[in-house]
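Trainee: Quick one: the structure is below, and I'll ask about it shortly.
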Number of protein chains: 2
Amino acid sequence: MNPAERENDDAARAADSRLVQDFGLLIKAATRLEQRIDTALRKECEVSHTMFEVLIRLCRRPDEEISQRLLADDLTLTSSGITRLIDRMEGAGLVRRVPAPGDRRSVLVEATDHGRAVFLRAATVHAQVVERYFVAPVARADYARLTHALGEIDKALRDT
Amino acid sequence: MNPAERENDDAARAADSRLVQDFGLLIKAATRLEQRIDTALRKECEVSHTMFEVLIRLCRRPDEEISQRLLADDLTLTSSGITRLIDRMEGAGLVRRVPAPGDRRSVLVEATDHGRAVFLRAATVHAQVVERYFVAPVARADYARLTHALGEIDKALRDT
DNA sequence: AATCAATTGCTGAGCAGTCAATGATTCCCT
DNA sequence: AGGGAATCATTGACTGCTCAGCAATTGATT
C-alpha cells in the first residue's frame, strides 16, 4: 500500500469513528431543534428564538437587574451582538433600556408590558415544540440522565 | 391581584419551568461546544467546523458519490448555503466539483489530496476537543443513553 | 491623588448563512 | 411524444452575527 493509499485509509477510519459520529449527532439534533423552534416562534409570535431566550431571562424574576453584559455571557453572544439584538427588540417594543444605577458604563434591560405579553404567547408555542421533539422522543428514564449530562458538559465548557 | 400583576406572575412561572431550562441547556451546551471546536479548527488547521463536517462525509467512503444536495440535507443547510460553502472550499483547494454522471443537474463533490491531508490533521484536533468536553464530563453509564436519546430526537425531527 | 489597566457598550466593515427568483435538466402522465 | 411539475445548482438582496477599534467609565496600584 503506497503512502497516498494509506492516507486515504487513515482518513476513512477517522471519518468513521464513533466519537465523530456521536458528536455530529449532538450538533445536528440541537441545530434542527433550534431551527424548528425559531420558525415556529417567528410564524406564530413574530419573535426569533434568540429574542425569546432574552425574554426568558427578563421575565424570570422581574426585580432582578439584568445588564447587556450578563445577557451576552448567558446567550454566548459578543457584546456587539447583544447591542444589535437589543436594538431590534427595543424597536419592536419588547424591551426597554435603563441606565444602571451603580455603574454608568452599564445598561440594564427590562421587558415592557408588550414584551411580557408576547413572551406568554411564545411560551405556549415553545412548550408544544419542546414537548413534541425533546420530551416525547426520549424515554422517561433517559431524560434525567440526558439533562444531567448536558449540565456537566456545560460546566466543563464554562470552567475554561 | 390585578390583571397586570397576574400576567407578570404567569410570565415568571413560564420562564422558570423545568422544560424551558432543560431545553435552553441543550441549545447552550451544543452552541458552546460547536464554537469551541470551530475556533480550535480555524486556529490550528484553517478550516471551519462546517467545512470539517463536509470533509467527514467525503472521506468516509471515497468511492461513494456525494452530491451538493445530499450534503445540504445532511448538514441542514439550504442549497444556496451549500453552493457558497463549496465555493469557498474549492477556492481553498480542499474539494473539487465533478459533474454527476447520471444527472446533469447535479454536482458531485470530492475531496482533493490536500483536503484529505487537512482532514487528517483536523481530525486529531477534533478528537481532543470532543474527548475533553463531550466524553470526559459525561459519566460512562450516561454516555450511551445520551447518544441514544439524541438519535431519537433526530429521528423525530426528520420524520416530519 | 494620579495614572494605568480593565470593563461596558457602540460602530464600521466583513462573513456565513437565508430567502426568492432563475435556468437547466429530469420525471411523470396521458 | 410532448407538456407540466418537480428537482438541482446558482445568483442578488438581505439578515444576524463576529471582529477590531473606539470613547466613556470604573478599578487597582502606587
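Every chain in the C-alpha cells takes a letter, A first, then B, and so on in the order presented; its residues are numbered from 1, and the ligands are numbered from 1 following the presented order.
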Any idea which chain B residues end up within 8 Å of chain C if we count only C-alpha atoms (C1' of nucleotides), as JSON, numbers by chain please?
Mentor: {"B": [78, 81, 103, 104, 105]}
Trainee: Tell me the residues of chain A close to chain B, meaning within 8 Å using only C-alpha atoms, as number ranges by chain.
Mentor: A: 7-8, 10-16, 19-20, 22-34, 53, 56-57, 59-62, 75-76, 116-117, 119-120, 123, 127, 130, 133-134, 137-139, 142-143, 145-147, 149-154, 156-157
Trainee: Would you output that residue set with C-alpha atoms, as a PDB file, in the first residue's frame?
Mentor:
```pdb
ATOM      1  CA  GLU A   7      -3.578   8.326   3.862  1.00  0.00           C
ATOM      2  CA  ASN A   8      -6.939   7.646   2.273  1.00  0.00           C
ATOM      3  CA  ASP A  10      -6.450   6.693   7.656  1.00  0.00           C
ATOM      4  CA  ALA A  11      -8.873   9.402   6.633  1.00  0.00           C
ATOM      5  CA  ALA A  12     -11.659   6.900   6.109  1.00  0.00           C
ATOM      6  CA  ARG A  13     -11.047   5.387   9.534  1.00  0.00           C
ATOM      7  CA  ALA A  14     -11.024   8.783  11.228  1.00  0.00           C
ATOM      8  CA  ALA A  15     -14.225   9.831   9.487  1.00  0.00           C
ATOM      9  CA  ASP A  16     -15.923   6.644  10.592  1.00  0.00           C
ATOM     10  CA  LEU A  19     -16.809   9.816  18.550  1.00  0.00           C
ATOM     11  CA  VAL A  20     -17.065  11.760  15.338  1.00  0.00           C
ATOM     12  CA  ASP A  22     -21.820  10.869  18.132  1.00  0.00           C
ATOM     13  CA  PHE A  23     -20.594  14.393  18.317  1.00  0.00           C
ATOM     14  CA  GLY A  24     -22.033  15.166  14.920  1.00  0.00           C
ATOM     15  CA  LEU A  25     -25.350  13.853  16.103  1.00  0.00           C
ATOM     16  CA  LEU A  26     -25.404  16.197  19.077  1.00  0.00           C
ATOM     17  CA  ILE A  27     -24.709  19.219  16.925  1.00  0.00           C
ATOM     18  CA  LYS A  28     -27.205  18.189  14.292  1.00  0.00           C
ATOM     19  CA  ALA A  29     -30.008  17.441  16.725  1.00  0.00           C
ATOM     20  CA  ALA A  30     -29.506  20.730  18.534  1.00  0.00           C
ATOM     21  CA  THR A  31     -29.365  22.704  15.297  1.00  0.00           C
ATOM     22  CA  ARG A  32     -32.526  21.136  13.907  1.00  0.00           C
ATOM     23  CA  LEU A  33     -34.321  21.622  17.192  1.00  0.00           C
ATOM     24  CA  GLU A  34     -33.405  25.265  17.337  1.00  0.00           C
ATOM     25  CA  GLU A  53     -34.209  33.491  25.177  1.00  0.00           C
ATOM     26  CA  ILE A  56     -36.970  34.259  29.444  1.00  0.00           C
ATOM     27  CA  ARG A  57     -34.209  35.931  31.449  1.00  0.00           C
ATOM     28  CA  CYS A  59     -39.362  37.657  32.906  1.00  0.00           C
ATOM     29  CA  ARG A  60     -37.988  35.071  35.289  1.00  0.00           C
ATOM     30  CA  ARG A  61     -37.608  37.474  38.182  1.00  0.00           C
ATOM     31  CA  PRO A  62     -38.893  40.933  37.378  1.00  0.00           C
ATOM     32  CA  LEU A  75     -26.538  33.612  25.435  1.00  0.00           C
ATOM     33  CA  THR A  76     -22.945  33.189  24.245  1.00  0.00           C
ATOM     34  CA  ARG A 116     -44.273  40.086  28.630  1.00  0.00           C
ATOM     35  CA  ALA A 117     -47.494  39.523  26.700  1.00  0.00           C
ATOM     36  CA  PHE A 119     -43.472  36.096  25.905  1.00  0.00           C
ATOM     37  CA  LEU A 120     -46.564  34.448  27.354  1.00  0.00           C
ATOM     38  CA  ALA A 123     -44.043  30.229  25.823  1.00  0.00           C
ATOM     39  CA  ALA A 127     -43.750  24.282  25.176  1.00  0.00           C
ATOM     40  CA  VAL A 130     -40.272  21.099  23.153  1.00  0.00           C
ATOM     41  CA  TYR A 133     -39.442  16.860  19.788  1.00  0.00           C
ATOM     42  CA  PHE A 134     -37.492  16.868  23.019  1.00  0.00           C
ATOM     43  CA  PRO A 137     -38.851  11.027  21.834  1.00  0.00           C
ATOM     44  CA  VAL A 138     -36.710  10.470  24.917  1.00  0.00           C
ATOM     45  CA  ALA A 139     -37.557   7.607  27.265  1.00  0.00           C
ATOM     46  CA  ASP A 142     -33.114   8.679  29.893  1.00  0.00           C
ATOM     47  CA  TYR A 143     -34.405  12.198  30.288  1.00  0.00           C
ATOM     48  CA  ARG A 145     -29.528  11.392  32.503  1.00  0.00           C
ATOM     49  CA  LEU A 146     -29.633  13.469  29.370  1.00  0.00           C
ATOM     50  CA  THR A 147     -30.122  16.756  31.151  1.00  0.00           C
ATOM     51  CA  ALA A 149     -25.016  15.020  31.096  1.00  0.00           C
ATOM     52  CA  LEU A 150     -25.706  18.304  29.340  1.00  0.00           C
ATOM     53  CA  GLY A 151     -25.203  20.137  32.607  1.00  0.00           C
ATOM     54  CA  GLU A 152     -21.805  18.515  33.063  1.00  0.00           C
ATOM     55  CA  ILE A 153     -20.777  19.402  29.544  1.00  0.00           C
ATOM     56  CA  ASP A 154     -21.836  22.977  30.065  1.00  0.00           C
ATOM     57  CA  ALA A 156     -16.757  21.782  31.692  1.00  0.00           C
ATOM     58  CA  LEU A 157     -17.055  24.407  28.978  1.00  0.00           C
TER      59      LEU A 157
END
```
Trainee: As a list of chain:residue names, please: all residues of range 9-155 of chain A that backbone DSSP puts in strand (DSSP E).
Mentor: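 DSSP on the backbone gives strand (DSSP E) at A:Val95, A:Arg96, A:Arg97, A:Val98, A:Pro99, A:Val107, A:Leu108, A:Val109, A:Glu110, A:Ala111.
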Trainee: So that I can see what lies close to Val109 in chain B, please list as a PyMOL selection string the residues with an atom at most 12 Å from it, counting only C-alpha atoms (C1' of nucleotides) and leaving out residues fewer than 6 positions away in the same chain.
Mentor: chain B and resi 54-55+57-59+62-72+82-83+85-87+89-90+94-100+115
Trainee: Would you kindly report the residues of chain D within 9 Å of chain B, using only C-alpha atoms (C1' of nucleotides), as an MDAnalysis selection string?
Mentor: chainID D and resid 7:11
Trainee: Going by DSSP on the backbone, which bits of range 5-80 of chain A are alpha helix (DSSP H)? Write them as number ranges by chain, please.
Mentor: A: 5-15, 18-45, 49-60, 68-75, 79-80
Trainee: One decimal, Å: what's the distance from CA of Val125 in chain B over to CA of Leu77 in chain A, could you say?
Mentor: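 Computing the Euclidean distance for CA of Val125 in chain B and CA of Leu77 in chain A yields 24.2 Å.
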Trainee: What does the structure give for the distance between CA of Ala40 in chain B and C1' of DC17 in chain D, in Å to one decimal?
Mentor: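 If I compute the distance from CA of Ala40 in chain B to C1' of DC17 in chain D, I get 19.2 Å.
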Trainee: Can you measure CA of Ile37 in chain B to CA of His49 in chain B for me? One decimal in Å is fine.
Mentor: 6.6 Å
